[in-house]
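Notes to accompany the following structure.
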Amino acid sequence: MQRPADAASRLLMATGLGLILATGFGLQQQMLNLDKIGVGWVIGISGLLLIGLSTLVAKGDGPLAKSFPLESDVEMASRVKEDVEEVEKDSSMSNAWAKLEATVLEQDISEQE
């Protein structure tokens, strides 16, 4: 299983290279002008930004480091296990409160009759 950072880095790199390729095709077909900067250049610039972001994610740095952690399989398994245990704990606590509330309501109704 691949690490989240590796998968995200590959995706960002491929998207960035695709945008740079689209910019190259635009230049080849003379849809983009080298003398004048226009809206079409946003595609090439965003491609460069995605490639830079890809290298940062691969190193474990940058703004996406928390979303795509650079962790091993063992670390990821323990983190997921902790998350599941926390959810189960919250669920059991919610169930306990619901049962207590139901019991109290039943007692109130029986006292009113």
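Ligands are numbered from 1 in the order shown, chains are lettered A, B, ... in the order of the structure tokens, and residues start at 1 in each chain.
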Hey, what's within 12 Å of Leu32 in chain A if we count only C-alpha atoms and toss same-chain stuff fewer than 3 positions away? As a JSON list (two decimals) with C-alpha atoms, in the first residue's frame, please?
[["chain", "number", "residue", "atom", "x", "y", "z"],
["A", 22, "ALA", "CA", -1.43, 22.04, -22.74],
["A", 23, "THR", "CA", 0.45, 25.33, -22.60],
["A", 24, "GLY", "CA", 3.03, 23.94, -25.00],
["A", 25, "PHE", "CA", 0.30, 22.90, -27.41],
["A", 26, "GLY", "CA", -1.20, 26.37, -27.12],
["A", 27, "LEU", "CA", 2.15, 27.90, -28.04],
["A", 28, "GLN", "CA", 2.61, 25.49, -30.93],
["A", 29, "GLN", "CA", -0.83, 26.26, -32.34],
["A", 35, "ASP", "CA", 4.90, 38.85, -26.42],
["A", 36, "LYS", "CA", 1.69, 39.36, -24.50],
["A", 37, "ILE", "CA", 0.66, 37.80, -21.20],
["A", 38, "GLY", "CA", -3.00, 36.83, -21.21],
["A", 39, "VAL", "CA", -5.47, 34.58, -19.48],
["A", 40, "GLY", "CA", -4.09, 31.51, -21.28],
["A", 41, "TRP", "CA", -0.87, 31.75, -19.34],
["A", 42, "VAL", "CA", -2.74, 30.94, -16.12],
["A", 43, "ILE", "CA", -2.74, 27.30, -17.25],
["A", 44, "GLY", "CA", 1.05, 27.18, -17.54]]
Requested in this report: Assign secondary structure with DSSP using the backbone only, and return the residues of chain A in alpha helix (DSSP H) as a ChimeraX atom specification.
Outcome: /A:4-28,41-59,73-112
Query - One-decimal distance in Å that lies between CA of Gly18 in chain A and CA of Gln2 in chain A - result: 22.7 Å
Report task. Identify, on the basis of only C-alpha atoms, every residue whose closest approach to range 50-53 of chain A does not exceed 10 Å; exclude the query and any residue fewer than 4 positions from it along the same chain; express the result as a list in words. Result -> Ala8, Ser9, Arg10, Leu11, Leu12, Met13, Ala14, Thr15, Gly16, Leu17, Leu19, Ile20, Gly44, Ile45, Ser46, Val57, Ala58, Lys59, Asp61, Gly62, Pro63 and Leu64 of chain A
Report summary line: Students should find that CA of Ala5 in chain A and CA of Ser67 in chain A are spaced 8.5 Å
Query raised in the report: CA of Pro69 in chain A to CA of Arg3 in chain A: how many Å, to one decimal?
Result: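 Going from CA of Pro69 in chain A over to CA of Arg3 in chain A covers 7.7 Å.
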